[in-house]
Amino acid sequence: MAFGYGAKFPAKYQEAFFISDWSYGKLYAVHMKPEGAGYKAEFEEFMSANPLPLTDLAVSPKDGALYITIGGRRVQSGLYRVTYTGKESTAPAPLTLQGEEKQLHELRRSLEAFHGNADPGALAAAWPQLGHPDRLIRFAARIAVEHQPLATWKDKALAETSPRASLMALMALTRASNGDRAFYEPVMNALERIKFADLKGTDRELYVRVNMLAFSRFGEPADGVRKKAIGRLSSIFPTSEPWLDVDLVNVLTFLGDHAFVAKAIPILENAPTQEEQIALAQSLRFAKAGWTPELRERFFKWVCLRAPTFKGGASFDLFMQDIRKDAEAGLTEAEKVALKPILEAKPDVKAPQFTFTLKSFVKNYTVEDIEGLLGAGLEGGRNFVNGRNMFGQATCFACHRFGQEGGAIGPDLTSVAGKYSPRDLLVHIIEPSKEISDQYGQLEVTLNDDSKVYGRIMNLAGDTITLNINMMDPNALQRVDRKLIKSMDQSKVSMMPPGLLSTLNQNDILDLLAYLLSKGNKEDPMFK
């Protein structure tokens, strides 16, 4: 990775953060856009080839070119020089901050000056910023507070009444107290005063994280503290916010809550991504309370029959085995006997598998079937949770990144709203082979006997070409001897299969489109 500083490129590339993806042969330019006291990132695929196993890169101060090396794992090495040809200016153009963003950055840096330093003026400067609307500023303020003598602010932290500032102060107190259990009950009592229902957005996540941090730093709570914590946290689960629910499952497992398992198992079974399901199972495998024979059976059907069919990297199967080993260790001998048929069953790892329960066929849709609904259908009343679930049901998560979830085989769809109209997006989904990007196409390899192999080149080693022949399985590889190849051409058939919407009804499709067009923002007007 390297910044584009000094490159004789157009201005936006001079400030870009270039990052390499060895596995998929892509070089990304990450464009940092000022946002509040920090930056937001927009990804652009800057360079790709099939294959392009990137290993390093640097901008030369002598000629302003970007130099890139490839190779590794017995792949042919190479050095490339990237220069710019065009009419845009390549004169140095460092990013400058203006207006409110400049003020916020200056405020953040002024708070960061207290990091690591005990300063008499730090509390007066930092405390008012603990509730600041900008997350980076309030975290900078919290760290500044942590570096001041604990005796000067511990009582202030426990007495803070503003919910957001209180959460930041309690986080600081928990971190700075070095595990002193004398603070356990006072911190828990302060959290009791904060009403979760009144919190919004990241403050809800912060509330759960502060609880988790306290349990992590202070250790096993006394029975009275445990009972109160379970009462607070179990009552808000589930929240219908996927990763917040993952955190709650984590903390409720630790606390030994009896009520949450019955609510967590359906979420595990129906979560639209394997990442979310695995994150839930990682905690549930240690849960000791709240199990019934039926819940045990459902959980171990996931552990023994569904999880082994998931796909991942070289060590993925070992991680799945660890989950199973820990889950089985929590069974009684009687439960092992009752679950024996499931524990001894052999999953069909070669059959097509899904993280969800397949829906029945509805229709092979055309663009004309749906485009007339796009106007009024996307003006409001859409269902965010169903839209996310349909992104899984249509197997989009298997290949596409959206937000912080999904695969990396196809293009990142997080910013699709800024590129396509609703109709254009619909066309790409229903007619995937109508327009195929060179960056995400597959090769049609014709052999000397006129047989064909379709896939993307993952590796070149001597006379052997290794192709990935199943975009949903990174381990589905086929090796082809170059001497047996008659021709290699870009396939006119997309790696993205048709008919992905065929099990969805019209409302499901509109919810899916709203989910994509909202960039995953459940507060978008389309969901009002």
# chains A, B, ... in the order shown; residues from 1 in each chain; ligands from 1

call {"tool": "residues_around", "arguments": {"residues": "Lys228 in chain A", "least_positions_apart": "6", "cutoff": "9 Å", "atoms": "only C-alpha atoms", "output": "list in words"}}
result
Met188, Asn189 and Glu192 of chain A

call {"tool": "write_last_selection", "arguments": {"atoms": "N, CA and C atoms", "output": "PDB file, in the first residue's frame"}}
result
ATOM      1  N   MET A 188     -22.022   0.024  36.642  1.00  0.00           N
ATOM      2  CA  MET A 188     -23.279  -0.628  36.283  1.00  0.00           C
ATOM      3  C   MET A 188     -24.486   0.225  36.683  1.00  0.00           C
ATOM      4  N   ASN A 189     -24.428   0.850  37.848  1.00  0.00           N
ATOM      5  CA  ASN A 189     -25.521   1.715  38.298  1.00  0.00           C
ATOM      6  C   ASN A 189     -25.676   2.921  37.380  1.00  0.00           C
ATOM      7  N   GLU A 192     -27.441   1.867  34.356  1.00  0.00           N
ATOM      8  CA  GLU A 192     -28.869   1.679  34.637  1.00  0.00           C
ATOM      9  C   GLU A 192     -29.659   2.958  34.377  1.00  0.00           C
TER      10      GLU A 192
END

call {"tool": "residues_around", "arguments": {"residues": "range 97-102 of chain A", "least_positions_apart": "2", "cutoff": "9 Å", "atoms": "only C-alpha atoms", "output": "list in words"}}
result
Pro34, Glu35, Gly36, Ala37, Gly38, Leu95, Leu104, His105, Glu106 and Leu107 of chain A

call {"tool": "closest_residue", "arguments": {"among": "A:Met471, A:Ala222, A:Ala58, A:Ala124", "to": "Tyr5 in chain A", "atoms": "only C-alpha atoms"}}
result
A:Ala58

call {"tool": "select_by_dssp", "arguments": {"residues": "range 352-433 of chain A", "states": "strand (DSSP E)", "output": "list in words"}}
result
Arg401, Phe402, Glu405 and Gly406 of chain A

call {"tool": "atom_distance", "arguments": {"atom1": "CA of Val493 in chain A", "atom2": "CA of Ser433 in chain A"}}
result
5.4 Å

call {"tool": "select_by_dssp", "arguments": {"residues": "range 247-427 of chain A", "states": "helix (DSSP H, G or I)", "output": "ChimeraX atom specification"}}
result
/A:247-255,261-270,274-284,293-309,316-329,333-338,340-343,367-371,374-377,384-393,396-398,416-418,422-427

call {"tool": "residues_around", "arguments": {"residues": "Lys40 in chain A", "least_positions_apart": "6", "cutoff": "12 Å", "atoms": "only C-alpha atoms", "output": "ChimeraX atom specification"}}
result
/A:30-34,136

call {"tool": "write_last_selection", "arguments": {"atoms": "C-alpha atoms", "output": "mmCIF file, in the first residue's frame"}}
result
data_model
loop_
_atom_site.group_PDB
_atom_site.id
_atom_site.type_symbol
_atom_site.label_atom_id
_atom_site.label_comp_id
_atom_site.auth_asym_id
_atom_site.auth_seq_id
_atom_site.Cartn_x
_atom_site.Cartn_y
_atom_site.Cartn_z
ATOM 1 C CA VAL A 30 -9.093 4.870 -1.979
ATOM 2 C CA HIS A 31 -10.144 8.501 -2.197
ATOM 3 C CA MET A 32 -10.295 10.245 1.173
ATOM 4 C CA LYS A 33 -13.058 12.839 1.292
ATOM 5 C CA PRO A 34 -13.142 15.229 4.289
ATOM 6 C CA LEU A 136 -13.879 11.359 16.168
#

call {"tool": "residues_around", "arguments": {"residues": "Arg193 in chain A", "least_positions_apart": "2", "cutoff": "10 Å", "atoms": "only C-alpha atoms", "output": "list in words"}}
result
Thr161, Pro163, Ser166, Met188, Asn189, Ala190, Leu191, Lys195 and Phe196 of chain A

call {"tool": "residues_around", "arguments": {"residues": "Glu344 in chain A", "least_positions_apart": "2", "cutoff": "12 Å", "atoms": "only C-alpha atoms", "output": "short mmCIF file (atom, residue, chain, number, x, y, z; two decimals) with C-alpha atoms, in the first residue's frame"}}
result
data_model
loop_
_atom_site.label_atom_id
_atom_site.label_comp_id
_atom_site.auth_asym_id
_atom_site.auth_seq_id
_atom_site.Cartn_x
_atom_site.Cartn_y
_atom_site.Cartn_z
CA PHE A 300 -26.45 -28.58 16.12
CA LYS A 301 -28.16 -28.93 12.75
CA VAL A 303 -23.18 -26.68 13.45
CA CYS A 304 -23.02 -30.15 11.90
CA LEU A 305 -24.97 -29.84 8.65
CA LYS A 336 -24.90 -36.41 23.17
CA VAL A 337 -27.03 -39.55 22.99
CA ALA A 338 -30.13 -37.59 21.97
CA LEU A 339 -28.20 -35.69 19.29
CA LYS A 340 -26.25 -38.70 18.00
CA PRO A 341 -28.02 -38.86 14.58
CA ILE A 342 -27.10 -35.20 13.93
CA LYS A 346 -22.34 -36.35 7.01
CA PRO A 347 -23.05 -32.97 5.39
#

call {"tool": "closest_atom_pairs", "arguments": {"of": "range 350-403 of chain A", "to": "range 413-430 of chain A", "cutoff": "12 Å", "atoms": "only C-alpha atoms", "output": "tab-separated table"}}
result
residue	atom	partner	partner_atom	distance
A:Lys363	CA	A:Ile430	CA	11.8
A:Asn364	CA	A:Ile430	CA	8.9
A:Tyr365	CA	A:Ile430	CA	7.2
A:Thr366	CA	A:Ile430	CA	6.7
A:Val367	CA	A:Val427	CA	6.2
A:Glu368	CA	A:Val427	CA	9.7
A:Asp369	CA	A:Leu426	CA	10.6
A:Ile370	CA	A:Leu426	CA	8.2
A:Glu371	CA	A:Arg423	CA	6.3
A:Gly372	CA	A:Arg423	CA	9.5
A:Leu373	CA	A:Arg423	CA	10.1
A:Leu374	CA	A:Pro422	CA	7.0
A:Gly375	CA	A:Pro422	CA	9.0
A:Ala376	CA	A:Pro422	CA	12.0
A:Gly377	CA	A:Pro422	CA	10.8
A:Leu378	CA	A:Pro422	CA	9.0
A:Glu379	CA	A:Pro422	CA	11.8
A:Phe391	CA	A:Leu413	CA	11.0
A:Ala394	CA	A:Ile429	CA	9.9
A:Thr395	CA	A:Ile429	CA	11.5
A:Cys396	CA	A:Leu413	CA	9.6
A:Phe397	CA	A:Leu413	CA	9.9
A:Cys399	CA	A:Leu413	CA	10.1
A:His400	CA	A:Leu413	CA	6.5
A:Arg401	CA	A:Leu413	CA	6.1
A:Phe402	CA	A:Thr414	CA	4.6
A:Gly403	CA	A:Thr414	CA	5.5

call {"tool": "write_last_selection", "arguments": {"atoms": "C-alpha atoms", "output": "tab-separated table (two decimals), in the first residue's frame"}}
result
chain	number	residue	atom	x	y	z
A	363	LYS	CA	-41.48	-16.08	-11.70
A	364	ASN	CA	-38.68	-15.49	-14.17
A	365	TYR	CA	-39.02	-11.72	-14.23
A	366	THR	CA	-38.33	-9.38	-17.11
A	367	VAL	CA	-37.43	-5.72	-16.69
A	368	GLU	CA	-40.88	-4.83	-18.03
A	369	ASP	CA	-42.54	-6.77	-15.19
A	370	ILE	CA	-41.00	-4.48	-12.55
A	371	GLU	CA	-40.09	-1.11	-14.08
A	372	GLY	CA	-43.66	0.21	-13.86
A	373	LEU	CA	-43.54	-0.20	-10.06
A	374	LEU	CA	-40.31	1.74	-9.51
A	375	GLY	CA	-41.83	5.21	-9.16
A	376	ALA	CA	-44.40	5.00	-6.40
A	377	GLY	CA	-42.95	1.71	-5.17
A	378	LEU	CA	-39.74	3.37	-3.98
A	379	GLU	CA	-41.25	6.52	-2.51
A	391	PHE	CA	-29.93	-9.43	-0.67
A	394	ALA	CA	-30.84	-13.60	-4.09
A	395	THR	CA	-27.29	-14.80	-3.17
A	396	CYS	CA	-25.86	-11.28	-3.69
A	397	PHE	CA	-23.83	-11.46	-0.47
A	399	CYS	CA	-20.12	-12.38	-4.41
A	400	HIS	CA	-20.67	-8.70	-3.66
A	401	ARG	CA	-19.46	-6.50	-0.85
A	402	PHE	CA	-22.11	-4.22	0.62
A	403	GLY	CA	-21.12	-2.12	3.60

call {"tool": "residues_around", "arguments": {"residues": "range 499-514 of chain A", "least_positions_apart": "6", "cutoff": "6 Å", "atoms": "only C-alpha atoms", "output": "ChimeraX atom specification"}}
result
/A:359-364,382-383,387,390,394

call {"tool": "closest_residue", "arguments": {"among": "A:Gln404, A:Gln148, A:Ile230, A:Glu42", "to": "Gly121 in chain A", "atoms": "only C-alpha atoms"}}
result
A:Gln148

call {"tool": "residues_around", "arguments": {"residues": "range 287-296 of chain A", "least_positions_apart": "4", "cutoff": "7 Å", "atoms": "only C-alpha atoms", "output": "PyMOL selection string"}}
result
chain A and resi 253+256-259+261-262+283+300

call {"tool": "write_last_selection", "arguments": {"atoms": "C-alpha atoms", "output": "PDB file, in the first residue's frame"}}
result
ATOM      1  CA  THR A 253     -23.754 -15.601  26.743  1.00  0.00           C
ATOM      2  CA  GLY A 256     -25.554 -16.696  31.505  1.00  0.00           C
ATOM      3  CA  ASP A 257     -28.965 -15.294  30.574  1.00  0.00           C
ATOM      4  CA  HIS A 258     -31.672 -17.988  30.373  1.00  0.00           C
ATOM      5  CA  ALA A 259     -33.987 -16.117  27.996  1.00  0.00           C
ATOM      6  CA  VAL A 261     -31.099 -18.426  23.405  1.00  0.00           C
ATOM      7  CA  ALA A 262     -34.700 -18.998  22.290  1.00  0.00           C
ATOM      8  CA  SER A 283     -20.823 -16.976  21.122  1.00  0.00           C
ATOM      9  CA  PHE A 300     -26.450 -28.585  16.118  1.00  0.00           C
TER      10      PHE A 300
END

call {"tool": "closest_residue", "arguments": {"among": "A:Glu15, A:Asp203, A:Asp317, A:Asp481", "to": "Ala461 in chain A", "atoms": "only C-alpha atoms"}}
result
A:Asp481
